[in-house]
Each structure stands twice: as C-alpha cells, then as structure tokens.
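Below is upload-v2.txt, which holds compact mmCIF, C-alpha atoms.
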# COMPACT_ATOMS: atom_id res chain seq x y z
CA MET A 1 200.29 153.00 187.17
CA ARG A 2 201.05 149.83 189.09
CA MET A 3 204.37 149.08 190.74
CA GLN A 4 205.62 145.77 192.12
CA MET A 5 208.80 145.46 194.14
CA ASN A 6 210.12 141.96 194.85
CA ILE A 7 211.78 141.07 198.12
CA HIS A 8 213.77 137.85 197.72
CA LEU A 9 216.95 136.14 198.85
CA GLU A 10 219.90 136.41 196.50
CA ASN A 11 221.65 133.24 197.74
CA ARG A 12 218.56 131.12 198.45
CA GLU A 13 219.89 127.78 197.13
CA TYR A 14 223.03 127.97 199.27
CA ILE A 15 221.04 128.76 202.43
CA MET A 16 218.51 126.01 201.69
CA LYS A 17 221.33 123.48 201.27
CA LEU A 18 222.93 124.52 204.58
CA LEU A 19 219.66 124.21 206.45
CA GLN A 20 218.81 120.85 204.84
CA ASP A 21 222.23 119.48 205.75
CA SER A 22 221.58 120.42 209.38
CA GLY A 23 218.20 118.61 209.39
CA LYS A 24 215.99 121.73 209.49
CA LYS A 25 213.19 122.50 207.05
CA PRO A 26 214.50 125.55 205.16
CA LYS A 27 211.37 126.78 203.40
CA PRO A 28 209.35 127.83 206.50
CA ILE A 29 212.39 129.63 207.92
CA ILE A 30 213.02 131.51 204.67
CA LYS A 31 209.31 132.32 204.34
CA LYS A 32 209.20 133.88 207.82
CA ALA A 33 212.36 135.91 207.17
CA VAL A 34 211.11 137.19 203.81
CA ASN A 35 207.71 138.15 205.26
CA GLU A 36 209.30 140.00 208.17
CA ALA A 37 211.65 141.83 205.80
CA ALA A 38 208.69 142.72 203.53
CA ALA A 39 206.78 144.23 206.46
CA LYS A 40 209.82 146.30 207.43
CA ALA A 41 210.34 147.33 203.80
CA LYS A 42 206.73 148.56 203.64
CA GLU A 43 207.29 150.72 206.73
CA LYS A 44 210.61 152.09 205.46
CA VAL A 45 209.26 152.91 201.99
CA TYR A 46 206.25 154.70 203.50
CA GLU A 47 208.46 156.69 205.90
CA GLY A 48 210.90 157.48 203.08
CA VAL A 49 208.13 158.85 200.84
CA LYS A 50 206.75 160.99 203.68
CA ARG A 51 210.28 162.23 204.49
CA GLU A 52 211.34 163.13 200.93
CA TYR A 53 208.08 164.39 199.43
CA THR A 54 205.34 166.83 200.50
CA ILE A 55 202.54 164.37 199.77
CA LYS A 56 199.49 164.80 202.00
CA SER A 57 198.23 162.01 204.26
CA SER A 58 194.84 162.04 202.54
CA ALA A 59 196.50 161.19 199.21
CA PHE A 60 198.97 158.56 200.43
CA SER A 61 198.54 156.26 203.42
CA LYS A 62 200.02 152.97 204.59
CA LYS A 63 196.96 151.23 203.18
CA ASP A 64 198.11 152.18 199.67
CA LEU A 65 201.15 149.92 200.07
CA SER A 66 200.18 146.25 200.13
CA VAL A 67 202.39 143.25 200.77
CA LYS A 68 201.79 139.97 198.98
CA LYS A 69 203.41 137.63 201.46
CA ALA A 70 205.79 134.79 200.70
CA THR A 71 204.54 131.21 200.93
CA VAL A 72 206.38 127.92 201.25
CA SER A 73 205.98 127.32 197.51
CA ARG A 74 206.75 130.96 196.54
CA LEU A 75 209.70 132.17 198.59
CA TYR A 76 209.50 135.87 197.73
CA ALA A 77 207.23 138.69 198.80
CA GLN A 78 205.91 141.53 196.67
CA LEU A 79 205.36 145.09 197.76
CA GLU A 80 202.57 146.41 195.53
CA ILE A 81 201.28 149.91 194.99
CA SER A 82 199.06 151.30 192.27
CA GLY A 83 197.54 154.63 191.43
CA SER A 84 197.38 157.38 188.88
CA PRO A 85 199.18 160.74 189.03
CA PHE A 86 197.79 163.14 191.62
CA SER A 87 196.35 166.58 191.08
CA LEU A 88 198.83 169.04 192.58
CA PRO A 89 196.47 170.80 195.06
CA LYS A 90 194.95 167.49 196.19
CA ALA A 91 198.19 165.77 197.10
CA TYR A 92 201.07 168.24 197.39
CA LYS A 93 201.99 171.55 198.98
CA THR A 94 200.84 174.38 196.67
CA ALA A 95 200.35 178.14 196.61
CA LYS A 96 197.89 179.84 194.30
CA ASN A 97 198.84 182.42 191.75
CA ARG A 98 198.90 186.15 192.44
CA LYS A 99 198.50 188.98 189.98
CA ARG A 100 201.96 188.75 188.46
CA THR A 101 203.32 185.46 189.79
CA PRO A 102 202.43 181.93 188.66
CA ALA A 103 201.04 179.22 190.90
CA LYS A 104 203.69 177.35 192.89
CA ALA A 105 204.05 173.75 194.00
CA ALA A 106 206.51 171.63 195.95
CA VAL A 107 206.54 167.91 195.25
CA LYS A 108 209.88 167.35 197.00
CA ARG A 109 210.57 168.83 200.41
CA GLY A 110 211.94 172.33 200.10
CA ALA A 111 210.82 175.64 198.68
CA LEU A 112 207.79 176.07 196.45
CA LYS A 113 208.74 176.39 192.79
CA PRO A 114 206.83 178.50 190.26
CA LEU A 115 205.02 176.49 187.59
CA GLN A 116 206.11 178.23 184.45
CA LYS A 117 207.20 176.84 181.08
CA GLY A 118 208.03 178.81 177.98
CA GLY A 119 206.42 182.03 179.18
CA LEU A 120 203.15 180.22 180.00
CA THR A 121 202.34 180.34 183.70
CA GLY A 122 200.34 177.94 185.80
CA PHE A 123 197.16 179.10 187.50
CA VAL A 124 194.74 177.66 190.04
CA SER A 125 191.20 177.21 188.82
CA LYS A 126 188.03 175.40 189.80
CA MET A 127 186.24 173.58 187.01
CA SER A 128 182.46 173.35 186.60
CA SER A 129 182.62 169.83 188.06
CA SER A 130 184.04 171.46 191.24
CA HIS A 131 187.47 169.90 190.59
CA LYS A 132 190.20 172.23 191.79
CA GLY A 133 193.52 172.01 189.99
CA ILE A 134 196.52 173.86 188.67
CA PHE A 135 196.26 174.42 184.93
CA GLN A 136 198.43 175.85 182.20
CA ARG A 137 197.60 177.10 178.73
CA THR A 138 199.13 175.17 175.87
CA SER A 139 199.61 178.30 173.72
CA LYS A 140 199.04 182.04 173.91
CA ALA A 141 195.38 181.43 173.05
CA ARG A 142 192.84 181.17 175.86
CA PHE A 143 192.01 177.53 175.14
CA PRO A 144 193.03 174.69 175.28
CA ILE A 145 194.42 174.28 178.77
CA LYS A 146 196.00 171.25 180.43
CA GLU A 147 196.11 170.23 184.05
CA LEU A 148 199.51 169.93 185.69
CA LEU A 149 199.85 166.71 187.67
CA GLY A 150 202.36 165.46 190.18
CA PRO A 151 203.89 161.99 190.26
CA SER A 152 201.80 159.01 191.35
CA ALA A 153 202.29 157.25 194.68
CA SER A 154 203.74 154.26 192.85
CA LYS A 155 206.42 156.40 191.19
CA LEU A 156 207.32 158.04 194.51
CA SER A 157 207.54 154.64 196.20
CA GLU A 158 209.65 153.24 193.39
CA THR A 159 212.23 156.04 193.65
CA VAL A 160 212.46 155.63 197.43
CA TYR A 161 212.67 151.82 197.12
CA ARG A 162 215.46 152.01 194.53
CA SER A 163 217.52 154.32 196.74
CA MET A 164 217.26 152.02 199.78
CA GLU A 165 217.39 148.63 198.06
CA GLY A 166 220.73 147.68 199.62
CA GLU A 167 219.51 148.61 203.10
CA LEU A 168 216.36 146.50 202.63
CA GLN A 169 218.43 143.53 201.40
CA GLU A 170 220.59 143.83 204.52
CA GLY A 171 217.40 143.83 206.63
CA LEU A 172 216.33 140.59 204.93
CA ASN A 173 219.71 139.02 205.62
CA GLN A 174 219.50 140.07 209.29
CA ALA A 175 215.96 138.65 209.62
CA LEU A 176 217.16 135.38 208.08
CA ARG A 177 220.10 135.20 210.53
CA ASN A 178 217.70 135.76 213.44
CA PHE A 179 215.32 133.01 212.29
CA ILE A 180 218.19 130.57 211.66
CA ASP A 181 219.62 131.26 215.14
CA GLU A 182 216.16 130.73 216.63
CA ALA A 183 215.74 127.43 214.73
CA PHE A 184 219.06 126.10 216.00
CA ARG A 185 218.36 127.13 219.61
CA VAL A 186 215.29 124.90 219.81
As structure tokens - that is how I would like this structure written.
Amino acid sequence: MRMQMNIHLENREYIMKLLQDSGKKPKPIIKKAVNEAAAKAKEKVYEGVKREYTIKSSAFSKKDLSVKKATVSRLYAQLEISGSPFSLPKAYKTAKNRKRTPAKAAVKRGALKPLQKGGLTGFVSKMSSSHKGIFQRTSKARFPIKELLGPSASKLSETVYRSMEGELQEGLNQALRNFIDEAFRV
C-alpha cells in the first residue's frame, strides 16, 4: 500500500498577489515555507505513530517516511510512505498463546487483546520457512489457516496525519509568516 499526503497552501493565489505587489518574488518564499512545513509534518507524523501505536522501531523508522520537496514550479510537497501490512509478532507487541487462552496482540497502545473470532482462537506458530506469525484456523478443521496481520505503516501514518491535519496546516501558515517577515526585513 502506498500513501501520499500533500502539504500545500490553501490561499496561495492571494499570498502570491500580495508578495508580487510588494516587489518580492513569491515562489521561492512559498517553496521554502512549504518545505519547512513538510519536514515538520514528517517529524510530527512519525512521533504520532510511535505515540499511538505499539509498532517496533525495526518495523517503522523515520526513513520509511519520505518527503518529495516543493519546487518553484510545483509549490506543494508530498509526504510519501509505502509498505504492506506487517506480521503481528514482527512489528507489534504480542503475547503467545497458553493452553487455554488465545494469542494476544496490541496494535494501539494499551492492553493486549485476545485474537479470537467466532470461537476460533489465534495461535503463534513458526512455519517451515522459519517465518514466525500469529495464525488462525478458518474453520473447525485443522487446515486451512490464515495469518493475522496488523495495519501497514502507510495506514498508521494516514490515520495520524488525518487527525492532525489542522495542526500541520497551522504550522505551514506560521512558517510562511516567518519567511515573509524575513523577506521584508532584508
């Protein structure tokens, strides 16, 4: 799954007109503000994912979030992240099954929850390829089984980004104010 989040000015034409009327070149100023806001957005999204979810550092790092910077001809930045859903033991906090209790996992911060659906419990197993995962039978029969997966890093980032979109837009507006003040001081 691939996720792209755009960071752009909502009132770009109005700001460009104001800066042009004052004799300043608006595009480099807007580009700098958007790039600074994109870098801050990357940090905030990463911190938000680490704060809200139990994802391990080996599964999700700052390198997984990439910023496609704004240019003078393209005055918006993109925060990109891609990846497939993670195996529960590889990326999240888990506890293996006991004799009478199912395996447990916690994707969000908080208590571990038992992985049980319709009387079929989850169990930890190691496959012949040495892949360790949490599996669940699809029926009362022994086979087939399916692996239970957690959300991908892109889905986690998207949910965090959506919840703090207003805050990030305010950060962009503040960065733009700072760069405009700096341009007029010179």
Do a neighbour search on A:Arg2 at 12 Å with all atoms listed in the file, toss out local chain neighbours closer than 2 positions, and write the hits as a PyMOL selection string. chain A and resi 4-5+64-66+79-85+152-158
Please report, as a Markdown table, each residue of stretch 40-135 of chain A lying at most 12 Å from stretch 11-25 of chain A, together with the nearest pair of atoms and the separation in Å rounded to one decimal; use only C-alpha atoms, and order rows by chain and ascending residue number.
| residue | atom | partner | partner_atom | distance |
| --- | --- | --- | --- | --- |
| A:Val72 | CA | A:Lys25 | CA | 10.5 |
| A:Arg74 | CA | A:Arg12 | CA | 12.0 |
| A:Leu75 | CA | A:Arg12 | CA | 8.9 |
| A:Tyr76 | CA | A:Arg12 | CA | 10.3 |
Counting all atoms listed in the file, figure out which residue out of A:Lys40, A:Gly150, A:Arg177, A:Asn6 gets nearest to A:Ala59. A:Gly150
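For the pair atom CA of A:Ala105 and atom CA of A:Met3, the separation is 24.9 Å.
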Can you pull out every residue within 8 Å of A:Ile134, counting all atoms listed in the file, but drop anything in the same chain fewer than 3 positions away, and send it as an NGL selection string? :A and (87-89 or 103 or 122-125 or 147-149)
Just give me the gap between atom CA of A:Lys69 and atom CA of A:Ala175 in Å, one decimal is fine. 15.0 Å
Please indicate the distance in Å from atom CA of A:Ser58 to atom CA of A:Tyr92, rounded to one decimal place.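 Value for the atom CA of A:Ser58-atom CA of A:Tyr92 distance: 10.2 Å.
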Return as AutoDock Vina command-line options the centre and edge lengths, in Å with one decimal, of the box along x, y and z that encloses every atom of stretch 142-157 of chain A in the file, padded by 6 Å per side.
--center_x 199.8 --center_y 167.7 --center_z 185.7 --size_x 27.5 --size_y 38.9 --size_z 33.1
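Restricting the calculation to all atoms listed in the file, the smallest distance between A:Lys62 and any of A:Ala111, A:Val49, A:Pro151, A:Lys104 is found for A:Val49.
Nearest-residue note for A:Gln116: choosing from A:Lys31, A:Gln174, A:Gln136, A:Val160, the minimum distance belongs to A:Gln136, counting only C-alpha atoms.
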With only C-alpha atoms as the basis for distance, which of A:His8, A:Ile55, A:Phe86, A:Glu47 is at the shortest distance from A:Leu176?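 That would be A:His8, the residue with the smallest distance to A:Leu176.
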